[in-house]
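Asker: My structure is stored as input.tsv, with TSV, C-alpha atoms.
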chain	number	residue	atom	x	y	z
V	1	ASP	CA	15.23	-12.24	6.50
V	2	THR	CA	15.15	-8.91	4.76
V	3	GLY	CA	11.51	-8.23	4.03
V	4	VAL	CA	8.98	-8.86	1.30
V	5	SER	CA	10.49	-9.75	-2.05
V	6	GLN	CA	8.87	-9.72	-5.47
V	7	ASN	CA	9.96	-11.17	-8.78
V	8	PRO	CA	10.40	-10.10	-11.43
V	9	ARG	CA	10.90	-6.42	-10.74
V	10	HIS	CA	10.00	-5.48	-14.28
V	11	LYS	CA	8.00	-7.30	-16.92
V	12	ILE	CA	7.30	-6.19	-20.46
V	13	THR	CA	4.84	-8.27	-22.42
V	14	LYS	CA	2.70	-8.08	-25.50
V	15	ARG	CA	-1.04	-7.77	-25.33
V	16	GLY	CA	-2.69	-11.16	-25.10
V	17	GLN	CA	0.18	-12.90	-23.34
V	18	ASN	CA	-0.03	-14.41	-19.87
V	19	VAL	CA	2.22	-13.21	-17.06
V	20	THR	CA	2.91	-14.50	-13.57
V	21	PHE	CA	4.39	-12.62	-10.64
V	22	ARG	CA	5.77	-14.07	-7.44
V	23	CYS	CA	5.75	-12.66	-3.92
V	24	ASP	CA	7.71	-13.99	-0.96
V	25	PRO	CA	6.41	-12.54	2.30
V	26	ILE	CA	8.30	-11.90	5.48
V	27	SER	CA	8.97	-15.23	7.11
V	28	GLU	CA	6.14	-16.38	9.40
V	29	HIS	CA	3.75	-13.67	8.24
V	30	ASN	CA	0.43	-15.38	7.82
V	31	ARG	CA	-1.34	-12.69	5.79
V	32	LEU	CA	-0.38	-11.76	2.26
V	33	TYR	CA	-1.93	-8.99	0.17
V	34	TRP	CA	-1.84	-7.94	-3.46
V	35	TYR	CA	-2.40	-4.35	-4.59
V	36	ARG	CA	-2.18	-2.59	-7.92
V	37	GLN	CA	-0.95	0.95	-8.41
V	38	THR	CA	-1.15	3.09	-11.53
V	39	LEU	CA	0.85	6.23	-12.10
V	40	GLY	CA	-0.13	9.09	-9.84
V	41	GLN	CA	-2.63	7.03	-7.85
V	42	GLY	CA	-2.61	5.27	-4.54
V	43	PRO	CA	-2.51	1.48	-4.42
V	44	GLU	CA	-5.78	-0.37	-4.92
V	45	PHE	CA	-6.54	-3.61	-3.13
V	46	LEU	CA	-6.81	-6.78	-5.23
V	47	THR	CA	-6.91	-9.74	-2.85
V	48	TYR	CA	-5.51	-11.19	0.33
V	49	PHE	CA	-4.74	-14.53	1.94
V	50	GLN	CA	-4.53	-15.81	5.44
V	51	ASN	CA	-2.21	-18.76	5.22
V	52	GLU	CA	-3.39	-20.58	2.07
V	53	ALA	CA	-6.99	-19.36	2.21
V	54	GLN	CA	-8.00	-16.49	-0.07
V	55	LEU	CA	-10.22	-14.41	2.20
V	56	GLU	CA	-11.24	-11.50	-0.01
V	57	LYS	CA	-11.15	-10.51	-3.65
V	58	SER	CA	-11.75	-7.06	-5.07
V	59	ARG	CA	-14.10	-6.43	-7.95
V	60	LEU	CA	-10.97	-5.21	-9.72
V	61	LEU	CA	-9.83	-8.82	-9.88
V	62	SER	CA	-11.49	-9.85	-13.12
V	63	ASP	CA	-11.70	-13.42	-14.40
V	64	ARG	CA	-8.36	-12.92	-16.11
V	65	PHE	CA	-6.63	-12.54	-12.74
V	66	SER	CA	-5.91	-15.41	-10.40
V	67	ALA	CA	-3.88	-15.53	-7.23
V	68	GLU	CA	-2.68	-18.50	-5.25
V	69	ARG	CA	-0.80	-19.19	-2.07
V	70	PRO	CA	-0.60	-22.97	-2.16
V	71	LYS	CA	1.42	-23.69	0.96
V	72	GLY	CA	0.74	-20.56	2.89
V	73	SER	CA	4.16	-19.14	2.11
V	74	PHE	CA	4.86	-17.49	-1.25
V	75	SER	CA	2.09	-16.33	-3.56
V	76	THR	CA	1.68	-15.98	-7.30
V	77	LEU	CA	-0.49	-13.58	-9.24
V	78	GLU	CA	-1.29	-14.56	-12.81
V	79	ILE	CA	-2.83	-12.33	-15.44
V	80	GLN	CA	-4.15	-14.09	-18.51
V	81	ARG	CA	-4.65	-12.44	-21.90
V	82	THR	CA	-3.06	-9.21	-20.76
V	83	GLU	CA	-4.50	-5.89	-21.88
V	84	GLN	CA	-2.85	-2.48	-22.06
V	85	GLY	CA	-4.97	-1.40	-19.13
V	86	ASP	CA	-3.19	-3.97	-16.98
V	87	SER	CA	-0.02	-1.90	-17.13
V	88	ALA	CA	0.70	-0.93	-13.54
V	89	MET	CA	2.87	-1.60	-10.52
V	90	TYR	CA	1.78	-4.75	-8.70
V	91	LEU	CA	2.57	-4.58	-5.01
V	92	CYS	CA	2.63	-7.36	-2.48
V	93	ALA	CA	2.48	-6.90	1.27
V	94	SER	CA	2.48	-9.18	4.29
V	95	SER	CA	1.48	-8.92	7.91
V	96	LEU	CA	1.35	-11.01	11.04
V	97	ARG	CA	-2.23	-11.26	12.14
V	98	GLY	CA	-2.72	-10.08	15.67
V	99	TYR	CA	0.60	-8.29	15.98
V	100	GLY	CA	-0.06	-4.67	15.11
V	101	ASP	CA	-1.44	-5.49	11.67
V	102	THR	CA	1.15	-3.35	9.96
V	103	GLN	CA	1.40	-4.32	6.33
V	104	TYR	CA	4.95	-4.41	4.99
V	105	PHE	CA	5.30	-3.89	1.28
V	106	GLY	CA	7.67	-5.33	-1.26
V	107	PRO	CA	9.36	-3.31	-4.02
V	108	GLY	CA	6.68	-4.18	-6.57
V	109	THR	CA	6.62	-5.61	-10.08
V	110	ARG	CA	6.27	-3.05	-12.84
V	111	LEU	CA	4.19	-4.51	-15.70
V	112	THR	CA	4.15	-2.90	-19.11
V	113	VAL	CA	1.77	-4.31	-21.70
V	114	LEU	CA	2.59	-3.25	-25.26
G	1	SER	CA	-13.29	3.49	-4.46
G	2	GLN	CA	-10.64	5.56	-2.72
G	3	GLN	CA	-11.65	6.26	0.83
G	4	GLY	CA	-8.68	8.24	2.03
G	5	GLU	CA	-8.20	11.62	0.49
G	6	GLU	CA	-5.00	13.50	1.13
G	7	ASP	CA	-4.69	17.23	1.19
G	8	PRO	CA	-2.80	18.96	-0.30
G	9	GLN	CA	-2.03	16.97	-3.44
G	10	ALA	CA	1.38	18.61	-3.65
G	11	LEU	CA	3.50	20.48	-1.12
G	12	SER	CA	6.83	22.21	-1.67
G	13	ILE	CA	8.85	23.50	1.29
G	14	GLN	CA	12.38	24.46	2.24
G	15	GLU	CA	14.65	22.19	4.21
G	16	GLY	CA	14.16	22.71	7.93
G	17	GLU	CA	10.51	23.69	7.65
G	18	ASN	CA	7.66	21.55	8.92
G	19	ALA	CA	5.33	19.73	6.54
G	20	THR	CA	1.72	18.94	7.35
G	21	MET	CA	-0.42	16.59	5.32
G	22	ASN	CA	-4.06	15.82	5.95
G	23	CYS	CA	-6.19	12.80	5.25
G	24	SER	CA	-9.95	12.42	5.33
G	25	TYR	CA	-11.94	9.22	5.15
G	26	LYS	CA	-15.56	8.19	5.00
G	27	THR	CA	-16.28	4.99	6.91
G	28	SER	CA	-15.44	3.50	10.29
G	29	ILE	CA	-11.90	2.31	10.73
G	30	ASN	CA	-9.89	0.01	12.94
G	31	ASN	CA	-6.68	1.88	12.28
G	32	LEU	CA	-5.08	4.38	9.94
G	33	GLN	CA	-1.59	4.02	8.56
G	34	TRP	CA	0.79	6.41	6.83
G	35	TYR	CA	3.22	5.27	4.17
G	36	ARG	CA	5.97	6.92	2.17
G	37	GLN	CA	6.85	6.07	-1.40
G	38	ASN	CA	9.85	7.26	-3.31
G	39	SER	CA	9.37	7.53	-7.05
G	40	GLY	CA	8.94	4.11	-8.65
G	41	ARG	CA	9.63	2.25	-5.43
G	42	GLY	CA	7.62	0.25	-2.90
G	43	LEU	CA	5.86	1.71	0.10
G	44	VAL	CA	7.61	2.22	3.41
G	45	HIS	CA	5.48	2.03	6.53
G	46	LEU	CA	5.78	5.11	8.72
G	47	ILE	CA	3.27	4.88	11.51
G	48	LEU	CA	0.01	3.19	12.51
G	49	ILE	CA	-2.57	4.86	14.73
G	50	ARG	CA	-5.51	2.92	16.11
G	51	SER	CA	-9.05	4.22	16.25
G	52	ASN	CA	-8.87	4.62	20.04
G	53	GLU	CA	-5.69	6.71	19.86
G	54	ARG	CA	-5.58	10.45	19.26
G	55	GLU	CA	-1.92	11.16	18.72
G	56	LYS	CA	1.25	9.23	18.06
G	57	HIS	CA	4.89	10.17	17.64
G	58	SER	CA	7.79	8.50	15.90
G	59	GLY	CA	11.01	10.45	15.61
G	60	ARG	CA	10.26	13.56	13.54
G	61	LEU	CA	6.77	12.31	12.73
G	62	ARG	CA	3.59	13.21	14.57
G	63	VAL	CA	0.24	11.76	13.59
G	64	THR	CA	-3.14	12.81	14.91
G	65	LEU	CA	-6.47	11.10	14.45
G	66	ASP	CA	-9.91	12.63	14.92
G	67	THR	CA	-12.50	9.90	14.44
G	68	SER	CA	-15.40	12.33	14.96
G	69	LYS	CA	-14.22	14.29	11.93
G	70	LYS	CA	-12.89	11.21	10.15
G	71	SER	CA	-9.57	12.89	9.57
G	72	SER	CA	-5.89	12.46	10.29
G	73	SER	CA	-2.81	14.59	9.89
G	74	LEU	CA	0.85	13.78	9.45
G	75	LEU	CA	3.40	16.34	10.59
G	76	ILE	CA	7.04	16.02	9.60
G	77	THR	CA	9.21	18.37	11.61
G	78	ALA	CA	12.57	19.81	10.53
G	79	SER	CA	12.20	18.40	7.04
G	80	ARG	CA	15.16	17.18	5.02
G	81	ALA	CA	15.71	16.82	1.29
G	82	ALA	CA	15.58	13.04	1.82
G	83	ASP	CA	11.95	13.41	2.94
G	84	THR	CA	11.00	14.19	-0.66
G	85	ALA	CA	8.48	11.49	-1.58
G	86	SER	CA	4.79	10.74	-1.92
G	87	TYR	CA	2.92	10.20	1.32
G	88	PHE	CA	-0.20	8.08	1.52
G	89	CYS	CA	-2.71	7.50	4.24
G	90	ALA	CA	-4.45	4.14	4.30
G	91	THR	CA	-7.44	3.06	6.35
G	92	GLU	CA	-8.18	-0.42	7.59
G	93	PRO	CA	-11.78	-1.23	8.52
G	94	GLY	CA	-11.06	-4.42	10.40
G	95	SER	CA	-7.96	-5.84	11.97
G	96	GLY	CA	-5.67	-7.35	9.36
G	97	SER	CA	-7.95	-6.69	6.42
G	98	ARG	CA	-7.57	-4.65	3.26
G	99	LEU	CA	-6.09	-1.16	3.21
G	100	THR	CA	-7.81	1.62	1.31
G	101	PHE	CA	-5.38	4.27	0.14
G	102	GLY	CA	-5.82	7.86	-0.85
G	103	GLU	CA	-4.16	9.42	-3.87
G	104	GLY	CA	-1.27	10.76	-1.85
G	105	THR	CA	0.53	14.01	-1.22
G	106	GLN	CA	3.69	14.69	-3.20
G	107	LEU	CA	6.13	16.39	-0.85
G	108	THR	CA	9.16	18.20	-2.22
G	109	VAL	CA	11.77	19.46	0.22
G	110	ASN	CA	14.14	21.91	-1.39
G	111	PRO	CA	17.72	22.04	-0.05
Would you put the structure from the file into structure tokens?
Answerer:
Amino acid sequence: DTGVSQNPRHKITKRGQNVTFRCDPISEHNRLYWYRQTLGQGPEFLTYFQNEAQLEKSRLLSDRFSAERPKGSFSTLEIQRTEQGDSAMYLCASSLRGYGDTQYFGPGTRLTVL
Amino acid sequence: SQQGEEDPQALSIQEGENATMNCSYKTSINNLQWYRQNSGRGLVHLILIRSNEREKHSGRLRVTLDTSKKSSSLLITASRAADTASYFCATEPGSGSRLTFGEGTQLTVNP
């Protein structure tokens, strides 16, 4: 096990298209988080799961965004009808609840909406 | 909204010098974490300090936390060119919950 992985690493899409990103957390980590980061800014929280339950969603997560973690392992983040303002780095992190709570981040998916 | 605010926004030093970055926050926290990010890459966890701790060390890193002033500092001693990166503080209000990041400090270590 080598850490959190995210796919794809880069995605270029046209405005109005739907995109889906995948995150595979560190094995046995029960919490999984999604963040978004724009250039020159710190990451902003989007949502997080404990096992398959989505525990919190940010107001940033509009109706066009949906996240799932169906079996409590990997997670997907879908953006429907993409807009240019969705262009950002989408970061996934995982942690093991009750063991230090350190969140370990993946390399991110860079989304560019043309 | 961004809770953590790093200071300075940018810092340029010579190799071998120490680098100090500060972070302020506004609400109660369970812990505060420092991360490093190289350009265009993911975040690397550096150190976590809990609200009941005042100081923590890890290798060349020293972190302090003053909950009465709602502030933290990260000291990197004997800096190296490889330390060039953005450094972010992130606060966690409850155990295992969301992190709130600041805008980061861009550190440049000149060889």
Asker: Would you write out, as JSON lines, a table of all residues in chain G that have an atom no more than 12 Å from an atom of chain V, listing for each the closest atom pair and the distance in Å to one decimal, considering all atoms listed in the file and ordering rows by chain and rising residue number?
Answerer:
{"residue": "G:Ser1", "atom": "CA", "partner": "V:Glu44", "partner_atom": "CA", "distance": 8.5}
{"residue": "G:Gln2", "atom": "CA", "partner": "V:Glu44", "partner_atom": "CA", "distance": 8.0}
{"residue": "G:Gln3", "atom": "CA", "partner": "V:Glu44", "partner_atom": "CA", "distance": 10.6}
{"residue": "G:Gly4", "atom": "CA", "partner": "V:Gly42", "partner_atom": "CA", "distance": 9.4}
{"residue": "G:Glu5", "atom": "CA", "partner": "V:Gly42", "partner_atom": "CA", "distance": 9.8}
{"residue": "G:Glu6", "atom": "CA", "partner": "V:Gly42", "partner_atom": "CA", "distance": 10.3}
{"residue": "G:Gln9", "atom": "CA", "partner": "V:Gly40", "partner_atom": "CA", "distance": 10.3}
{"residue": "G:Ala10", "atom": "CA", "partner": "V:Gly40", "partner_atom": "CA", "distance": 11.5}
{"residue": "G:Asn30", "atom": "CA", "partner": "V:Asp101", "partner_atom": "CA", "distance": 10.2}
{"residue": "G:Asn31", "atom": "CA", "partner": "V:Asp101", "partner_atom": "CA", "distance": 9.1}
{"residue": "G:Leu32", "atom": "CA", "partner": "V:Thr102", "partner_atom": "CA", "distance": 9.9}
{"residue": "G:Gln33", "atom": "CA", "partner": "V:Thr102", "partner_atom": "CA", "distance": 8.0}
{"residue": "G:Trp34", "atom": "CA", "partner": "V:Thr102", "partner_atom": "CA", "distance": 10.3}
{"residue": "G:Tyr35", "atom": "CA", "partner": "V:Phe105", "partner_atom": "CA", "distance": 9.8}
{"residue": "G:Arg36", "atom": "CA", "partner": "V:Phe105", "partner_atom": "CA", "distance": 10.9}
{"residue": "G:Gln37", "atom": "CA", "partner": "V:Gly42", "partner_atom": "CA", "distance": 10.0}
{"residue": "G:Asn38", "atom": "CA", "partner": "V:Pro107", "partner_atom": "CA", "distance": 10.6}
{"residue": "G:Ser39", "atom": "CA", "partner": "V:Leu39", "partner_atom": "CA", "distance": 10.0}
{"residue": "G:Gly40", "atom": "CA", "partner": "V:Met89", "partner_atom": "CA", "distance": 8.5}
{"residue": "G:Arg41", "atom": "CA", "partner": "V:Pro107", "partner_atom": "CA", "distance": 5.7}
{"residue": "G:Gly42", "atom": "CA", "partner": "V:Pro107", "partner_atom": "CA", "distance": 4.1}
{"residue": "G:Leu43", "atom": "CA", "partner": "V:Phe105", "partner_atom": "CA", "distance": 5.8}
{"residue": "G:Val44", "atom": "CA", "partner": "V:Phe105", "partner_atom": "CA", "distance": 6.9}
{"residue": "G:His45", "atom": "CA", "partner": "V:Tyr104", "partner_atom": "CA", "distance": 6.6}
{"residue": "G:Leu46", "atom": "CA", "partner": "V:Thr102", "partner_atom": "CA", "distance": 9.7}
{"residue": "G:Ile47", "atom": "CA", "partner": "V:Thr102", "partner_atom": "CA", "distance": 8.6}
{"residue": "G:Leu48", "atom": "CA", "partner": "V:Thr102", "partner_atom": "CA", "distance": 7.1}
{"residue": "G:Ile49", "atom": "CA", "partner": "V:Gly100", "partner_atom": "CA", "distance": 9.9}
{"residue": "G:Arg50", "atom": "CA", "partner": "V:Gly100", "partner_atom": "CA", "distance": 9.4}
{"residue": "G:Ser86", "atom": "CA", "partner": "V:Gly40", "partner_atom": "CA", "distance": 9.5}
{"residue": "G:Tyr87", "atom": "CA", "partner": "V:Gly42", "partner_atom": "CA", "distance": 9.4}
{"residue": "G:Phe88", "atom": "CA", "partner": "V:Gly42", "partner_atom": "CA", "distance": 7.1}
{"residue": "G:Cys89", "atom": "CA", "partner": "V:Gly42", "partner_atom": "CA", "distance": 9.1}
{"residue": "G:Ala90", "atom": "CA", "partner": "V:Gly42", "partner_atom": "CA", "distance": 9.1}
{"residue": "G:Thr91", "atom": "CA", "partner": "V:Thr102", "partner_atom": "CA", "distance": 11.3}
{"residue": "G:Glu92", "atom": "CA", "partner": "V:Asp101", "partner_atom": "CA", "distance": 9.4}
{"residue": "G:Pro93", "atom": "CA", "partner": "V:Asp101", "partner_atom": "CA", "distance": 11.6}
{"residue": "G:Gly94", "atom": "CA", "partner": "V:Asp101", "partner_atom": "CA", "distance": 9.8}
{"residue": "G:Ser95", "atom": "CA", "partner": "V:Asp101", "partner_atom": "CA", "distance": 6.5}
{"residue": "G:Gly96", "atom": "CA", "partner": "V:Asp101", "partner_atom": "CA", "distance": 5.2}
{"residue": "G:Ser97", "atom": "CA", "partner": "V:Tyr48", "partner_atom": "CA", "distance": 8.0}
{"residue": "G:Arg98", "atom": "CA", "partner": "V:Phe45", "partner_atom": "CA", "distance": 6.6}
{"residue": "G:Leu99", "atom": "CA", "partner": "V:Phe45", "partner_atom": "CA", "distance": 6.8}
{"residue": "G:Thr100", "atom": "CA", "partner": "V:Glu44", "partner_atom": "CA", "distance": 6.8}
{"residue": "G:Phe101", "atom": "CA", "partner": "V:Gly42", "partner_atom": "CA", "distance": 5.5}
{"residue": "G:Gly102", "atom": "CA", "partner": "V:Gly42", "partner_atom": "CA", "distance": 5.5}
{"residue": "G:Glu103", "atom": "CA", "partner": "V:Gly42", "partner_atom": "CA", "distance": 4.5}
{"residue": "G:Gly104", "atom": "CA", "partner": "V:Gly42", "partner_atom": "CA", "distance": 6.3}
{"residue": "G:Thr105", "atom": "CA", "partner": "V:Gly42", "partner_atom": "CA", "distance": 9.9}
{"residue": "G:Gln106", "atom": "CA", "partner": "V:Gly40", "partner_atom": "CA", "distance": 9.5}
Asker: Name the closest residue to Leu114 of chain V among the candidates V:Asn7, V:Ser75, V:Thr13, V:Ser66; distances are taken between atoms, counting all atoms listed in the file.
Answerer: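 Among the listed residues, the smallest separation from Leu114 of chain V belongs to V:Thr13.
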Asker: For a test of reading the model, state the distance in Å between atom CA of Leu107 of chain G and atom CA of Ser12 of chain G, rounded to one decimal.
Answerer: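 Between atom CA of Leu107 of chain G and atom CA of Ser12 of chain G the gap is 5.9 Å.
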Asker: For atom CA of Lys69 of chain G and atom CA of Leu60 of chain V, determine how far apart the two atoms are, in Å to one decimal place.
Answerer: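 Separation between atom CA of Lys69 of chain G and atom CA of Leu60 of chain V: 29.3 Å.
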Asker: Just give me the gap between atom CA of Leu61 of chain V and atom CA of Ile26 of chain V in Å, one decimal is fine.
Answerer: 24.0 Å
Asker: Just checking: using only C-alpha atoms, which residue out of G:Glu17, G:Ala81, G:Asn22, G:Ser28 ends up closest to Thr64 of chain G?
Answerer: G:Asn22
